[in-house]
file entry22.tsv (TSV, C-alpha atoms)
chain	number	residue	atom	x	y	z
A	1	MET	CA	4.39	-8.02	42.08
A	2	ALA	CA	3.79	-4.44	41.04
A	3	ASN	CA	7.50	-3.86	40.43
A	4	LEU	CA	7.71	-7.08	38.42
A	5	SER	CA	4.80	-6.02	36.20
A	6	LEU	CA	6.31	-2.58	35.73
A	7	ASN	CA	9.64	-4.14	34.73
A	8	ARG	CA	7.92	-6.36	32.17
A	9	ILE	CA	6.07	-3.40	30.69
A	10	SER	CA	9.28	-1.37	30.49
A	11	ILE	CA	11.15	-4.22	28.80
A	12	ALA	CA	8.28	-4.68	26.32
A	13	LEU	CA	8.25	-0.96	25.47
A	14	ILE	CA	12.01	-0.94	24.96
A	15	ALA	CA	11.75	-3.99	22.71
A	16	VAL	CA	9.00	-2.35	20.63
A	17	ILE	CA	11.00	0.87	20.25
A	18	LEU	CA	14.13	-1.02	19.22
A	19	THR	CA	12.13	-3.07	16.72
A	20	PHE	CA	10.57	-0.02	15.10
A	21	THR	CA	13.91	1.77	15.01
A	22	SER	CA	15.54	-1.20	13.31
A	23	LEU	CA	12.73	-1.43	10.76
A	24	LYS	CA	13.06	2.30	10.03
A	25	TYR	CA	16.82	2.54	9.61
A	26	ALA	CA	17.33	-0.84	7.94
A	27	GLN	CA	14.42	-0.46	5.54
A	28	ASN	CA	16.60	-1.32	2.53
A	29	ILE	CA	16.67	-4.88	3.88
A	30	PHE	CA	13.46	-5.26	5.86
A	31	ALA	CA	11.12	-3.50	3.40
A	32	PRO	CA	11.76	-5.87	0.45
A	33	MET	CA	11.70	-8.84	2.83
A	34	MET	CA	8.30	-7.80	4.23
A	35	LEU	CA	6.99	-7.12	0.73
A	36	ALA	CA	8.16	-10.58	-0.32
A	37	PHE	CA	6.36	-12.10	2.66
A	38	VAL	CA	3.11	-10.34	1.78
A	39	LEU	CA	3.44	-11.21	-1.91
A	40	GLY	CA	4.15	-14.81	-0.98
A	41	ILE	CA	0.92	-14.98	1.01
A	42	ILE	CA	-1.01	-13.36	-1.83
A	43	LEU	CA	0.49	-15.73	-4.42
A	44	SER	CA	0.06	-18.83	-2.26
A	45	PRO	CA	-3.06	-20.05	-4.16
A	46	VAL	CA	-1.02	-20.06	-7.37
A	47	CYS	CA	1.69	-22.09	-5.68
A	48	ASP	CA	-0.93	-24.50	-4.32
A	49	PHE	CA	-2.33	-24.90	-7.84
A	50	TRP	CA	1.04	-26.08	-9.16
A	51	ASP	CA	1.39	-28.40	-6.18
A	52	ARG	CA	-1.99	-30.00	-6.92
A	53	LEU	CA	-0.80	-30.68	-10.46
A	54	GLY	CA	2.06	-32.68	-8.99
A	55	ALA	CA	4.85	-30.24	-9.85
A	56	PRO	CA	8.00	-30.37	-7.71
A	57	ARG	CA	8.07	-27.82	-4.94
A	58	ALA	CA	11.01	-25.93	-6.45
A	59	ALA	CA	9.32	-25.80	-9.86
A	60	SER	CA	6.00	-24.57	-8.41
A	61	ALA	CA	7.77	-21.84	-6.42
A	62	PHE	CA	9.74	-20.73	-9.48
A	63	ALA	CA	6.65	-20.70	-11.73
A	64	THR	CA	4.72	-18.67	-9.15
A	65	LEU	CA	7.64	-16.23	-8.88
A	66	ILE	CA	7.71	-15.77	-12.67
A	67	ILE	CA	3.95	-15.11	-12.75
A	68	GLY	CA	4.21	-12.50	-10.01
A	69	LEU	CA	7.16	-10.71	-11.59
A	70	GLY	CA	5.48	-10.84	-14.98
A	71	ALA	CA	2.41	-9.09	-13.61
A	72	VAL	CA	4.57	-6.31	-12.11
A	73	LEU	CA	6.56	-5.86	-15.34
A	74	THR	CA	3.35	-5.73	-17.38
A	75	LEU	CA	1.98	-2.92	-15.20
A	76	GLY	CA	5.27	-1.05	-15.53
A	77	PHE	CA	5.22	-1.46	-19.31
A	78	LEU	CA	1.68	-0.08	-19.52
A	79	LEU	CA	2.46	2.86	-17.25
A	80	GLU	CA	5.82	3.89	-18.74
A	81	PRO	CA	4.60	6.03	-21.70
A	82	SER	CA	2.09	7.96	-19.60
A	83	VAL	CA	4.58	8.50	-16.76
A	84	THR	CA	7.17	9.83	-19.21
A	85	MET	CA	4.62	12.20	-20.70
A	86	ALA	CA	3.60	13.41	-17.23
A	87	ILE	CA	7.24	14.13	-16.36
A	88	ASN	CA	7.69	16.10	-19.57
A	89	GLN	CA	4.57	18.14	-18.84
A	90	ALA	CA	5.63	18.97	-15.28
A	91	PRO	CA	6.94	22.47	-16.21
A	92	VAL	CA	3.57	23.31	-17.80
A	93	ILE	CA	1.79	22.11	-14.66
A	94	TRP	CA	4.04	24.25	-12.46
A	95	SER	CA	3.46	27.27	-14.70
A	96	GLU	CA	-0.31	26.86	-14.43
A	97	LEU	CA	-0.10	26.50	-10.67
A	98	SER	CA	2.09	29.59	-10.41
A	99	PHE	CA	-0.46	31.55	-12.45
A	100	ALA	CA	-3.26	30.30	-10.17
A	101	VAL	CA	-1.29	31.38	-7.10
A	102	SER	CA	-0.68	34.82	-8.60
A	103	GLU	CA	-4.40	35.19	-9.28
A	104	VAL	CA	-5.18	34.32	-5.68
A	105	LYS	CA	-2.62	36.85	-4.51
A	106	THR	CA	-4.30	39.52	-6.62
A	107	MET	CA	-7.67	38.70	-5.11
A	108	LEU	CA	-6.17	38.88	-1.62
A	109	ARG	CA	-4.09	41.98	-2.24
A	110	GLY	CA	-5.35	43.60	0.94
A	111	LEU	CA	-3.98	40.74	3.06
A	112	ASP	CA	-0.30	41.64	2.75
A	113	GLU	CA	0.96	39.50	5.57
A	114	ILE	CA	-0.72	36.33	4.29
A	115	SER	CA	0.52	37.04	0.78
A	116	GLU	CA	4.09	37.41	2.00
A	117	ASN	CA	3.92	34.10	3.87
A	118	VAL	CA	2.58	32.34	0.80
A	119	ALA	CA	5.34	33.86	-1.35
A	120	GLU	CA	8.02	32.72	1.08
A	121	ALA	CA	6.58	29.18	1.10
A	122	ILE	CA	7.05	28.82	-2.67
A	123	ASP	CA	10.40	27.35	-3.73
A	124	PRO	CA	12.14	30.04	-5.82
A	125	GLN	CA	14.41	27.56	-7.58
A	126	ALA	CA	11.45	25.48	-8.76
A	127	ALA	CA	9.68	28.64	-9.91
A	128	ASN	CA	12.75	29.78	-11.89
A	129	ALA	CA	13.01	26.38	-13.50
A	130	ALA	CA	9.36	26.47	-14.53
A	131	SER	CA	9.58	30.01	-15.88
A	132	SER	CA	12.63	29.16	-18.00
A	133	GLY	CA	10.82	26.18	-19.47
A	134	THR	CA	13.26	23.58	-18.20
A	135	SER	CA	12.09	20.05	-17.49
A	136	VAL	CA	12.04	18.20	-14.21
A	137	SER	CA	15.44	17.37	-12.84
A	138	ILE	CA	16.41	13.86	-13.90
A	139	PRO	CA	19.27	12.05	-12.18
A	140	SER	CA	22.52	12.21	-14.12
A	141	ALA	CA	24.34	9.13	-15.34
A	142	ALA	CA	26.74	9.32	-12.39
A	143	GLU	CA	23.87	9.59	-9.87
A	144	ALA	CA	22.05	6.72	-11.54
A	145	ALA	CA	25.23	4.61	-11.40
A	146	VAL	CA	25.53	5.30	-7.66
A	147	MET	CA	21.86	4.48	-6.92
A	148	ALA	CA	21.64	1.44	-9.21
A	149	PRO	CA	23.47	-1.05	-6.93
A	150	GLN	CA	21.26	-0.11	-3.96
A	151	TYR	CA	18.02	-0.67	-5.88
A	152	LEU	CA	19.40	-3.79	-7.54
A	153	ALA	CA	20.26	-5.21	-4.12
A	154	GLN	CA	16.71	-4.52	-2.88
A	155	VAL	CA	15.26	-6.26	-5.94
A	156	MET	CA	17.51	-9.26	-5.35
A	157	VAL	CA	16.46	-9.41	-1.68
A	158	LEU	CA	12.81	-9.26	-2.76
A	159	ILE	CA	13.14	-11.98	-5.40
A	160	GLY	CA	15.26	-14.25	-3.21
A	161	THR	CA	13.02	-13.93	-0.16
A	162	LEU	CA	9.86	-14.45	-2.22
A	163	TYR	CA	11.22	-17.58	-3.92
A	164	PHE	CA	12.49	-19.22	-0.75
A	165	PHE	CA	9.31	-18.33	1.16
A	166	LEU	CA	7.19	-19.99	-1.53
A	167	LEU	CA	9.56	-22.93	-1.51
A	168	ALA	CA	9.59	-23.50	2.26
A	169	ARG	CA	6.41	-21.91	3.54
A	170	THR	CA	4.92	-25.28	4.57
A	171	ASP	CA	8.01	-26.06	6.64
A	172	ILE	CA	7.90	-22.56	8.13
A	173	TYR	CA	4.28	-22.99	9.19
A	174	THR	CA	5.07	-26.40	10.68
A	175	PHE	CA	7.96	-24.92	12.65
A	176	PHE	CA	5.84	-22.08	14.08
A	177	GLY	CA	3.00	-24.50	14.86
A	178	LYS	CA	5.36	-26.66	16.92
A	179	THR	CA	7.13	-23.72	18.53
A	180	PHE	CA	4.01	-21.85	19.70
A	181	PRO	CA	1.48	-24.23	21.31
A	182	LYS	CA	-1.46	-21.83	20.90
A	183	LEU	CA	-0.77	-21.36	17.18
A	184	ALA	CA	-1.58	-24.39	15.04
A	185	GLU	CA	-0.24	-24.97	11.55
A	186	ALA	CA	-3.80	-24.98	10.24
A	187	ASP	CA	-4.34	-21.49	11.64
A	188	LEU	CA	-1.44	-20.14	9.58
A	189	PHE	CA	-2.78	-21.74	6.41
A	190	LEU	CA	-6.24	-20.35	7.19
A	191	ALA	CA	-4.82	-16.85	7.67
A	192	GLU	CA	-2.96	-17.21	4.39
A	193	LYS	CA	-6.14	-18.19	2.56
A	194	GLN	CA	-8.07	-15.27	4.06
A	195	VAL	CA	-5.45	-12.73	2.95
A	196	ALA	CA	-5.21	-14.28	-0.53
A	197	ARG	CA	-9.00	-14.30	-0.91
A	198	TYR	CA	-9.26	-10.72	0.29
A	199	PHE	CA	-6.53	-9.52	-2.08
A	200	LEU	CA	-8.01	-11.40	-5.05
A	201	THR	CA	-11.46	-9.94	-4.41
A	202	VAL	CA	-10.11	-6.42	-3.94
A	203	SER	CA	-7.92	-6.77	-7.05
A	204	MET	CA	-10.93	-7.71	-9.17
A	205	ILE	CA	-12.90	-4.78	-7.74
A	206	ASN	CA	-10.02	-2.37	-8.35
A	207	ALA	CA	-9.53	-3.68	-11.90
A	208	CYS	CA	-13.19	-3.05	-12.75
A	209	PHE	CA	-12.97	0.33	-11.03
A	210	GLY	CA	-9.88	1.21	-13.08
A	211	VAL	CA	-11.67	0.31	-16.32
A	212	ILE	CA	-14.62	2.51	-15.35
A	213	VAL	CA	-12.32	5.42	-14.42
A	214	GLY	CA	-10.41	5.07	-17.70
A	215	ALA	CA	-13.66	5.01	-19.72
A	216	THR	CA	-14.97	8.03	-17.82
A	217	MET	CA	-11.79	10.01	-18.45
A	218	THR	CA	-12.02	9.09	-22.14
A	219	VAL	CA	-15.56	10.47	-22.34
A	220	LEU	CA	-14.49	13.65	-20.52
A	221	GLY	CA	-11.57	14.17	-22.92
A	222	MET	CA	-8.81	13.86	-20.30
A	223	PRO	CA	-5.31	13.21	-21.66
A	224	SER	CA	-3.94	9.66	-21.26
A	225	PRO	CA	-7.15	8.01	-20.01
A	226	VAL	CA	-5.42	4.60	-19.84
A	227	PHE	CA	-2.90	6.08	-17.43
A	228	TRP	CA	-5.67	7.34	-15.13
A	229	GLY	CA	-7.39	3.96	-15.23
A	230	ILE	CA	-4.23	2.04	-14.30
A	231	LEU	CA	-3.39	4.61	-11.64
A	232	ALA	CA	-6.88	4.32	-10.17
A	233	PHE	CA	-6.40	0.54	-10.01
A	234	LEU	CA	-3.06	0.87	-8.20
A	235	VAL	CA	-3.82	3.63	-5.68
A	236	ASN	CA	-7.06	1.96	-4.63
A	237	PHE	CA	-4.97	-0.60	-2.74
A	238	ILE	CA	-3.87	2.23	-0.42
A	239	LEU	CA	-7.14	3.09	1.28
A	240	TYR	CA	-8.07	6.72	1.93
A	241	LEU	CA	-4.71	8.28	1.07
A	242	GLY	CA	-4.35	6.73	-2.40
A	243	PRO	CA	-7.70	7.95	-3.75
A	244	ALA	CA	-7.16	11.38	-2.13
A	245	THR	CA	-3.82	11.74	-3.93
A	246	LEU	CA	-5.33	10.73	-7.26
A	247	ALA	CA	-8.21	13.16	-6.78
A	248	VAL	CA	-5.73	16.02	-6.32
A	249	ALA	CA	-3.85	14.91	-9.46
A	250	LEU	CA	-7.09	14.84	-11.45
A	251	LEU	CA	-8.02	18.27	-10.12
A	252	LEU	CA	-4.70	19.79	-11.19
A	253	THR	CA	-4.83	18.13	-14.61
A	254	GLY	CA	-8.43	19.22	-15.08
A	255	ILE	CA	-7.50	22.85	-14.29
A	256	ILE	CA	-4.69	22.69	-16.85
A	257	THR	CA	-6.68	20.91	-19.54
A	258	PHE	CA	-10.12	22.56	-19.32
A	259	ASP	CA	-11.60	25.97	-18.57
A	260	GLY	CA	-14.30	27.01	-16.16
A	261	PRO	CA	-16.32	24.70	-13.92
A	262	TYR	CA	-15.71	21.79	-16.34
A	263	SER	CA	-12.15	21.58	-15.03
A	264	PHE	CA	-13.44	20.30	-11.67
A	265	LEU	CA	-15.57	17.57	-13.23
A	266	PRO	CA	-12.90	14.79	-13.53
A	267	ALA	CA	-11.98	14.97	-9.85
A	268	ALA	CA	-15.62	15.27	-8.76
A	269	LEU	CA	-16.71	12.24	-10.79
A	270	TYR	CA	-13.75	10.22	-9.53
A	271	LEU	CA	-14.57	11.02	-5.91
A	272	ALA	CA	-18.21	10.06	-6.49
A	273	MET	CA	-17.23	6.76	-8.08
A	274	ASN	CA	-14.70	6.02	-5.36
A	275	ALA	CA	-17.24	6.76	-2.61
A	276	THR	CA	-19.76	4.43	-4.28
A	277	GLU	CA	-17.17	1.67	-4.60
A	278	GLY	CA	-15.89	2.07	-1.06
A	279	GLN	CA	-19.27	2.31	0.66
A	280	PHE	CA	-21.36	-0.21	-1.30
A	281	VAL	CA	-19.42	-2.41	-3.75
A	282	THR	CA	-16.42	-3.52	-1.70
A	283	PRO	CA	-18.31	-4.19	1.58
A	284	SER	CA	-20.93	-6.29	-0.23
A	285	LEU	CA	-18.34	-8.41	-2.07
A	286	VAL	CA	-15.71	-8.72	0.65
A	287	GLY	CA	-18.26	-9.56	3.33
A	288	LYS	CA	-18.55	-8.82	7.02
A	289	SER	CA	-16.37	-11.81	7.97
A	290	MET	CA	-13.32	-10.08	6.51
A	291	SER	CA	-14.19	-6.54	7.48
A	292	VAL	CA	-11.70	-4.68	9.66
A	293	ASN	CA	-12.24	-1.83	12.09
A	294	PRO	CA	-11.72	1.43	10.12
A	295	LEU	CA	-9.63	2.87	12.95
A	296	LEU	CA	-7.23	-0.09	12.74
A	297	VAL	CA	-7.03	0.33	8.97
A	298	PHE	CA	-6.23	4.03	9.26
A	299	LEU	CA	-3.65	3.56	12.01
A	300	SER	CA	-2.01	0.73	10.11
A	301	LEU	CA	-1.80	2.89	6.98
A	302	VAL	CA	-0.34	5.83	8.87
A	303	PHE	CA	2.26	3.66	10.60
A	304	TRP	CA	3.45	1.77	7.52
A	305	LEU	CA	3.43	4.88	5.33
A	306	TRP	CA	5.56	6.66	7.93
A	307	LEU	CA	7.84	3.65	8.17
A	308	TRP	CA	8.41	2.79	4.49
A	309	GLY	CA	6.46	5.25	2.34
A	310	PRO	CA	4.24	4.00	-0.54
A	311	LEU	CA	5.66	0.50	-0.18
A	312	GLY	CA	4.47	0.43	3.40
A	313	GLY	CA	1.04	1.63	2.29
A	314	PHE	CA	0.74	-1.41	0.01
A	315	ILE	CA	1.84	-3.77	2.78
A	316	ALA	CA	-0.38	-2.26	5.50
A	317	ILE	CA	-3.78	-3.82	4.81
A	318	PRO	CA	-2.73	-7.38	3.81
A	319	PHE	CA	-0.40	-7.59	6.81
A	320	LEU	CA	-3.10	-6.25	9.14
A	321	ILE	CA	-5.58	-8.88	7.91
A	322	TRP	CA	-2.97	-11.61	8.28
A	323	ALA	CA	-2.02	-10.49	11.80
A	324	LEU	CA	-5.66	-10.38	12.91
A	325	ALA	CA	-6.35	-13.81	11.41
A	326	VAL	CA	-3.28	-15.35	13.06
A	327	SER	CA	-4.01	-13.78	16.45
A	328	LYS	CA	-7.68	-14.82	16.43
A	329	PRO	CA	-7.12	-18.38	17.75
A	330	ILE	CA	-4.61	-17.06	20.28
A	331	ARG	CA	-7.13	-14.53	21.58
A	332	ALA	CA	-9.85	-17.19	21.62
A	333	ALA	CA	-7.60	-19.50	23.64
A	334	ALA	CA	-6.84	-16.68	26.08
A	335	THR	CA	-10.52	-15.88	26.65
A	336	SER	CA	-11.37	-19.55	27.22
A	337	SER	CA	-8.42	-20.18	29.55
A	338	PRO	CA	-9.14	-22.59	32.43
A	339	HIS	CA	-7.86	-19.96	34.85
A	340	THR	CA	-10.88	-17.85	33.95
A	341	SER	CA	-13.90	-18.45	36.11
A	342	PRO	CA	-17.17	-19.47	34.38
A	343	GLU	CA	-18.78	-16.21	35.44
A	344	MET	CA	-16.04	-14.25	33.64
A	345	GLN	CA	-16.20	-16.17	30.38
A	346	PRO	CA	-18.13	-14.53	27.50
A	347	SER	CA	-21.54	-15.96	26.82
A	348	ASN	CA	-21.03	-15.83	23.02
A	349	PRO	CA	-17.32	-16.32	22.20
call {"tool": "encode", "arguments": {"input": "entry22.tsv", "output": "structure tokens"}}
result
Amino acid sequence: MANLSLNRISIALIAVILTFTSLKYAQNIFAPMMLAFVLGIILSPVCDFWDRLGAPRAASAFATLIIGLGAVLTLGFLLEPSVTMAINQAPVIWSELSFAVSEVKTMLRGLDEISENVAEAIDPQAANAASSGTSVSIPSAAEAAVMAPQYLAQVMVLIGTLYFFLLARTDIYTFFGKTFPKLAEADLFLAEKQVARYFLTVSMINACFGVIVGATMTVLGMPSPVFWGILAFLVNFILYLGPATLAVALLLTGIITFDGPYSFLPAALYLAMNATEGQFVTPSLVGKSMSVNPLLVFLSLVFWLWLWGPLGGFIAIPFLIWALAVSKPIRAAATSSPHTSPEMQPSNP
């Protein structure tokens, strides 16, 4: 029996390693498919709305797809001017950072060894580009032509998977409910509703938070306050790491834009607002029933960010909530198994 258990564990570990390896090296296919699955769950209430109006299933799936793509294109349209301006200002940012590094080196002149290590860590090509006033390297027309089919294929995989998932998700849930006895079709719909409700609540919170950040940056005199507000809305979906990245960006921009202690104020106010939102606002509105262990959240973020980068960071939390909701009835059935003696059963399942 011991050898049999060891063989099962070994086979399971090999299967997990092969799965993760496939997801990593075939991310051009699996990443847009997983994103489409998550977006389909998030957009399911919209699809259900069209169904209640009596629209054909194909028409409701197509209308939901158009609404989702329209929201993404609208965000891209709002962000495009500010992103272009940030790219054009990148040489100025690098110049300011180089000056700050040189000032630190002067202050630490007595620590020659540390100064040499810092100097070797700086990319000389990037420094030469900044000193000559050149802009950030933009892909040439030939490079763009080579990369375009790859990104276009990923977009097509995303759109196709999202549409057909919205079209056939009821049949998919029925199939899984019949295939896995411990997983009912109703459990899948319940998990879908929990993820959609969570994402809608968090989206409303992040939207209000983005408006507050944009208004605060306007009062402080930061350049492109609308950009900072939209960026605060987007990165807040990636817990911990997203706000930390934005705080660093605000710190660097504040150092470039302002002088003295005032340059640290944008980042400090953002961190204070983010801490207030994360510790008080979101827990009170989301509720304890949908709260997730912080360790699971962090590990899920780390894994999906390592696997697929920022796209994985967006997928991490909705997929974690869905997986926990789907596995809940399975775990409940396992704990109440008839093979378990009454003394071993939990008193409060």
call {"tool": "residues_around", "arguments": {"input": "entry22.tsv", "residues": "Leu271 of chain A", "least_positions_apart": "2", "cutoff": "12 Å", "atoms": "only C-alpha atoms", "output": "PyMOL selection string"}}
result
chain A and resi 209+213+232+236+240+242-251+264-269+273-279
call {"tool": "write_last_selection", "arguments": {"input": "entry22.tsv", "atoms": "C-alpha atoms", "output": "short mmCIF file (atom, residue, chain, number, x, y, z; two decimals), keeping the file's coordinate frame"}}
result
data_model
loop_
_atom_site.label_atom_id
_atom_site.label_comp_id
_atom_site.auth_asym_id
_atom_site.auth_seq_id
_atom_site.Cartn_x
_atom_site.Cartn_y
_atom_site.Cartn_z
CA PHE A 209 -12.97 0.33 -11.03
CA VAL A 213 -12.32 5.42 -14.42
CA ALA A 232 -6.88 4.32 -10.17
CA ASN A 236 -7.06 1.96 -4.63
CA TYR A 240 -8.07 6.72 1.93
CA GLY A 242 -4.35 6.73 -2.40
CA PRO A 243 -7.70 7.95 -3.75
CA ALA A 244 -7.16 11.38 -2.13
CA THR A 245 -3.82 11.74 -3.93
CA LEU A 246 -5.33 10.73 -7.26
CA ALA A 247 -8.21 13.16 -6.78
CA VAL A 248 -5.73 16.02 -6.32
CA ALA A 249 -3.85 14.91 -9.46
CA LEU A 250 -7.09 14.84 -11.45
CA LEU A 251 -8.02 18.27 -10.12
CA PHE A 264 -13.44 20.30 -11.67
CA LEU A 265 -15.57 17.57 -13.23
CA PRO A 266 -12.90 14.79 -13.53
CA ALA A 267 -11.98 14.97 -9.85
CA ALA A 268 -15.62 15.27 -8.76
CA LEU A 269 -16.71 12.24 -10.79
CA MET A 273 -17.23 6.76 -8.08
CA ASN A 274 -14.70 6.02 -5.36
CA ALA A 275 -17.24 6.76 -2.61
CA THR A 276 -19.76 4.43 -4.28
CA GLU A 277 -17.17 1.67 -4.60
CA GLY A 278 -15.89 2.07 -1.06
CA GLN A 279 -19.27 2.31 0.66
#
call {"tool": "residues_around", "arguments": {"input": "entry22.tsv", "residues": "Phe165 of chain A", "least_positions_apart": "2", "cutoff": "12 Å", "atoms": "only C-alpha atoms", "output": "number ranges by chain"}}
result
A: 33-44, 47, 57-58, 60-62, 64-65, 157-163, 167-173
call {"tool": "write_last_selection", "arguments": {"input": "entry22.tsv", "atoms": "C-alpha atoms", "output": "CSV table (one decimal), in the frame of the given file"}}
result
chain,number,residue,atom,x,y,z
A,33,MET,CA,11.7,-8.8,2.8
A,34,MET,CA,8.3,-7.8,4.2
A,35,LEU,CA,7.0,-7.1,0.7
A,36,ALA,CA,8.2,-10.6,-0.3
A,37,PHE,CA,6.4,-12.1,2.7
A,38,VAL,CA,3.1,-10.3,1.8
A,39,LEU,CA,3.4,-11.2,-1.9
A,40,GLY,CA,4.2,-14.8,-1.0
A,41,ILE,CA,0.9,-15.0,1.0
A,42,ILE,CA,-1.0,-13.4,-1.8
A,43,LEU,CA,0.5,-15.7,-4.4
A,44,SER,CA,0.1,-18.8,-2.3
A,47,CYS,CA,1.7,-22.1,-5.7
A,57,ARG,CA,8.1,-27.8,-4.9
A,58,ALA,CA,11.0,-25.9,-6.4
A,60,SER,CA,6.0,-24.6,-8.4
A,61,ALA,CA,7.8,-21.8,-6.4
A,62,PHE,CA,9.7,-20.7,-9.5
A,64,THR,CA,4.7,-18.7,-9.2
A,65,LEU,CA,7.6,-16.2,-8.9
A,157,VAL,CA,16.5,-9.4,-1.7
A,158,LEU,CA,12.8,-9.3,-2.8
A,159,ILE,CA,13.1,-12.0,-5.4
A,160,GLY,CA,15.3,-14.2,-3.2
A,161,THR,CA,13.0,-13.9,-0.2
A,162,LEU,CA,9.9,-14.4,-2.2
A,163,TYR,CA,11.2,-17.6,-3.9
A,167,LEU,CA,9.6,-22.9,-1.5
A,168,ALA,CA,9.6,-23.5,2.3
A,169,ARG,CA,6.4,-21.9,3.5
A,170,THR,CA,4.9,-25.3,4.6
A,171,ASP,CA,8.0,-26.1,6.6
A,172,ILE,CA,7.9,-22.6,8.1
A,173,TYR,CA,4.3,-23.0,9.2
call {"tool": "closest_residue", "arguments": {"input": "entry22.tsv", "among": "A:Thr201, A:Phe258, A:Asn206, A:Phe233", "to": "Gly221 of chain A", "atoms": "only C-alpha atoms"}}
result
A:Phe258
call {"tool": "atom_distance", "arguments": {"input": "entry22.tsv", "atom1": "atom CA of Leu78 of chain A", "atom2": "atom CA of Leu234 of chain A"}}
result
12.3 Å
call {"tool": "atom_distance", "arguments": {"input": "entry22.tsv", "atom1": "atom CA of Val286 of chain A", "atom2": "atom CA of Tyr270 of chain A"}}
result
21.6 Å
call {"tool": "closest_residue", "arguments": {"input": "entry22.tsv", "among": "A:Cys208, A:Ala26, A:Leu166, A:Ala332", "to": "Asp51 of chain A", "atoms": "only C-alpha atoms"}}
result
A:Leu166
call {"tool": "atom_distance", "arguments": {"input": "entry22.tsv", "atom1": "atom CA of Trp50 of chain A", "atom2": "atom CA of Phe164 of chain A"}}
result
15.8 Å
call {"tool": "residues_near_point", "arguments": {"input": "entry22.tsv", "point": "(-1.6, -25.3, 5.3)", "cutoff": "9 Å", "atoms": "only C-alpha atoms", "output": "list in words"}}
result
Arg169, Thr170, Tyr173, Thr174, Glu185, Ala186, Asp187, Leu188, Phe189, Leu190, Glu192 and Lys193 of chain A
call {"tool": "write_last_selection", "arguments": {"input": "entry22.tsv", "atoms": "C-alpha atoms", "output": "CSV table (one decimal), in the frame of the given file"}}
result
chain,number,residue,atom,x,y,z
A,169,ARG,CA,6.4,-21.9,3.5
A,170,THR,CA,4.9,-25.3,4.6
A,173,TYR,CA,4.3,-23.0,9.2
A,174,THR,CA,5.1,-26.4,10.7
A,185,GLU,CA,-0.2,-25.0,11.6
A,186,ALA,CA,-3.8,-25.0,10.2
A,187,ASP,CA,-4.3,-21.5,11.6
A,188,LEU,CA,-1.4,-20.1,9.6
A,189,PHE,CA,-2.8,-21.7,6.4
A,190,LEU,CA,-6.2,-20.4,7.2
A,192,GLU,CA,-3.0,-17.2,4.4
A,193,LYS,CA,-6.1,-18.2,2.6
call {"tool": "closest_residue", "arguments": {"input": "entry22.tsv", "among": "A:Ala191, A:Val219, A:Val155, A:Ile212", "to": "Ala31 of chain A", "atoms": "all atoms listed in the file"}}
result
A:Val155
call {"tool": "closest_residue", "arguments": {"input": "entry22.tsv", "among": "A:Leu73, A:Lys178, A:Gly214, A:Asn293", "to": "Phe227 of chain A", "atoms": "all atoms listed in the file"}}
result
A:Gly214
call {"tool": "residues_around", "arguments": {"input": "entry22.tsv", "residues": "Gln27 of chain A", "least_positions_apart": "6", "cutoff": "12 Å", "atoms": "all atoms listed in the file", "output": "PyMOL selection string"}}
result
chain A and resi 19-21+33-35+150-151+154+157+304+306-309+311-312
call {"tool": "closest_residue", "arguments": {"input": "entry22.tsv", "among": "A:Ile317, A:Ile17, A:Ala184, A:Pro81", "to": "Ala196 of chain A", "atoms": "all atoms listed in the file"}}
result
A:Ile317
call {"tool": "closest_residue", "arguments": {"input": "entry22.tsv", "among": "A:Met222, A:Ala207, A:Ile256, A:Leu75", "to": "Phe237 of chain A", "atoms": "all atoms listed in the file"}}
result
A:Ala207
call {"tool": "decode", "arguments": {"input": "entry22.tsv", "residues": "segment 263-281 of chain A", "atoms": "C-alpha atoms", "output": "short mmCIF file (atom, residue, chain, number, x, y, z; two decimals), in the first residue's frame"}}
result
data_model
loop_
_atom_site.label_atom_id
_atom_site.label_comp_id
_atom_site.auth_asym_id
_atom_site.auth_seq_id
_atom_site.Cartn_x
_atom_site.Cartn_y
_atom_site.Cartn_z
CA SER A 263 8.09 65.78 -4.36
CA PHE A 264 7.32 62.86 -2.03
CA LEU A 265 3.76 64.00 -1.34
CA PRO A 266 1.99 62.36 -4.36
CA ALA A 267 3.34 58.90 -3.55
CA ALA A 268 2.71 59.33 0.19
CA LEU A 269 -0.90 60.41 -0.31
CA TYR A 270 -1.51 57.58 -2.77
CA LEU A 271 -0.16 55.00 -0.33
CA ALA A 272 -2.33 56.44 2.44
CA MET A 273 -5.44 56.32 0.26
CA ASN A 274 -4.65 52.82 -0.93
CA ALA A 275 -4.11 51.58 2.62
CA THR A 276 -7.45 53.09 3.68
CA GLU A 277 -9.25 51.50 0.73
CA GLY A 278 -7.62 48.11 1.20
CA GLN A 279 -8.06 47.88 4.97
CA PHE A 280 -11.51 49.44 5.48
CA VAL A 281 -13.50 50.12 2.29
#
